[in-house]
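Have a look at the structure below, then the notes.
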Amino acid sequence: VQLQASGGGLVQAGGSLRLSCAASGRFDNTALGWFRQAPGKEREFVAGISWSGAIIKYDDSVRGRFTISRDNGKQMVFLQMTALKPDDAAVYYCAAKSRGSLHYAWFGQGTLVTVSS
């Protein structure tokens, strides 16, 4: 699976951004997710969504503010981010894993989100 994220940018604290990720290759039955990595920190899980969309998970730090969704017909995954905080600033990566796998195996190039206070 090849993944390409977009939609990052500079936003003021409290603002919103919508990230998009286009997938190509072996897409069927994949779960999709978003990760982020801030400077000097390890990459961390943000949100994930199953193939059908029935199972959605969020990290506690973003639950209630971020919404993950997917469009299988267009082979895309989205991350709607609201009420952004300076701590949300990071490079955001979309990722994919095969159905039933524990770990995400494919990561795309990231998109930078900067949040000004």
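We label chains A, B, ... in the order they appear in the structure tokens, count residues from 1 in each chain, and number ligands from 1 in the order shown.
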
Problem set entry | strand (DSSP E or B) positions in region 4-106 of chain A, given as a PyMOL selection string | chain A and resi 4-6+9-12+17-24+30-37+44-49+56-58+63+66-71+76-81+90-98+106

For this session: Tell me, as a PyMOL selection string, which residues lie within 10 Å of region 93-109 of chain A, counting only C-alpha atoms; anything in the same chain fewer than 2 positions away does not count.
Result: chain A and resi 1-6+19-23+26-37+43-51+77-79+90-91+111-112

For this session: Choose the residue, out of A:Asp59, A:Phe66, A:Gly14, A:Ser116, that has the smallest atom-to-atom separation from Met81 (chain A); count only C-alpha atoms.
Result: A:Phe66

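Within 12 Å of Lys85 (chain A), once only C-alpha atoms are used and residues closer than 5 positions along the same chain are dropped, the contacting residues are Leu10, Val11, Gln12, Ala13, Gly14, Gly15, Ser16, Leu17, Ser61, Val62, Arg65, Phe66, Ala90, Val113, Thr114, Val115, Ser116 and Ser117 of chain A.
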
Any chance you could export the current selection's N, CA and C atoms as an mmCIF file, in the first residue's frame?
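Here's the written file result_15.cif:
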```cif
data_model
loop_
_atom_site.group_PDB
_atom_site.id
_atom_site.type_symbol
_atom_site.label_atom_id
_atom_site.label_comp_id
_atom_site.auth_asym_id
_atom_site.auth_seq_id
_atom_site.Cartn_x
_atom_site.Cartn_y
_atom_site.Cartn_z
ATOM 1 N N LEU A 10 -0.342 25.784 8.873
ATOM 2 C CA LEU A 10 -0.250 26.590 10.077
ATOM 3 C C LEU A 10 -1.650 27.026 10.498
ATOM 4 N N VAL A 11 -1.965 26.818 11.758
ATOM 5 C CA VAL A 11 -3.285 27.183 12.270
ATOM 6 C C VAL A 11 -3.120 27.744 13.672
ATOM 7 N N GLN A 12 -3.980 28.651 14.050
ATOM 8 C CA GLN A 12 -3.954 29.177 15.407
ATOM 9 C C GLN A 12 -4.584 28.189 16.381
ATOM 10 N N ALA A 13 -4.155 28.260 17.602
ATOM 11 C CA ALA A 13 -4.748 27.417 18.629
ATOM 12 C C ALA A 13 -6.259 27.644 18.655
ATOM 13 N N GLY A 14 -6.986 26.555 18.746
ATOM 14 C CA GLY A 14 -8.442 26.611 18.703
ATOM 15 C C GLY A 14 -9.012 26.422 17.318
ATOM 16 N N GLY A 15 -8.151 26.460 16.330
ATOM 17 C CA GLY A 15 -8.594 26.316 14.952
ATOM 18 C C GLY A 15 -8.747 24.873 14.524
ATOM 19 N N SER A 16 -9.034 24.700 13.236
ATOM 20 C CA SER A 16 -9.301 23.372 12.680
ATOM 21 C C SER A 16 -8.496 23.146 11.407
ATOM 22 N N LEU A 17 -8.229 21.875 11.153
ATOM 23 C CA LEU A 17 -7.602 21.445 9.916
ATOM 24 C C LEU A 17 -8.165 20.091 9.543
ATOM 25 N N SER A 61 -5.642 11.736 24.040
ATOM 26 C CA SER A 61 -5.289 13.144 23.891
ATOM 27 C C SER A 61 -6.083 13.862 22.802
ATOM 28 N N VAL A 62 -6.716 13.101 21.903
ATOM 29 C CA VAL A 62 -7.435 13.732 20.797
ATOM 30 C C VAL A 62 -8.922 13.379 20.787
ATOM 31 N N ARG A 65 -12.013 15.686 19.929
ATOM 32 C CA ARG A 65 -11.571 16.830 19.111
ATOM 33 C C ARG A 65 -11.263 16.412 17.671
ATOM 34 N N PHE A 66 -10.786 15.199 17.493
ATOM 35 C CA PHE A 66 -10.423 14.707 16.166
ATOM 36 C C PHE A 66 -11.433 13.659 15.721
ATOM 37 N N ALA A 90 2.886 18.683 14.983
ATOM 38 C CA ALA A 90 3.697 17.506 14.683
ATOM 39 C C ALA A 90 3.644 17.237 13.183
ATOM 40 N N VAL A 113 1.852 19.805 10.626
ATOM 41 C CA VAL A 113 0.837 20.640 11.264
ATOM 42 C C VAL A 113 1.520 21.518 12.305
ATOM 43 N N THR A 114 1.357 22.809 12.167
ATOM 44 C CA THR A 114 1.927 23.763 13.103
ATOM 45 C C THR A 114 0.788 24.523 13.764
ATOM 46 N N VAL A 115 0.811 24.609 15.075
ATOM 47 C CA VAL A 115 -0.248 25.288 15.820
ATOM 48 C C VAL A 115 0.379 26.434 16.606
ATOM 49 N N SER A 116 -0.044 27.634 16.293
ATOM 50 C CA SER A 116 0.491 28.802 16.989
ATOM 51 C C SER A 116 -0.385 29.144 18.194
ATOM 52 N N SER A 117 0.263 29.571 19.252
ATOM 53 C CA SER A 117 -0.483 29.891 20.479
ATOM 54 C C SER A 117 -0.862 31.362 20.534
#
```
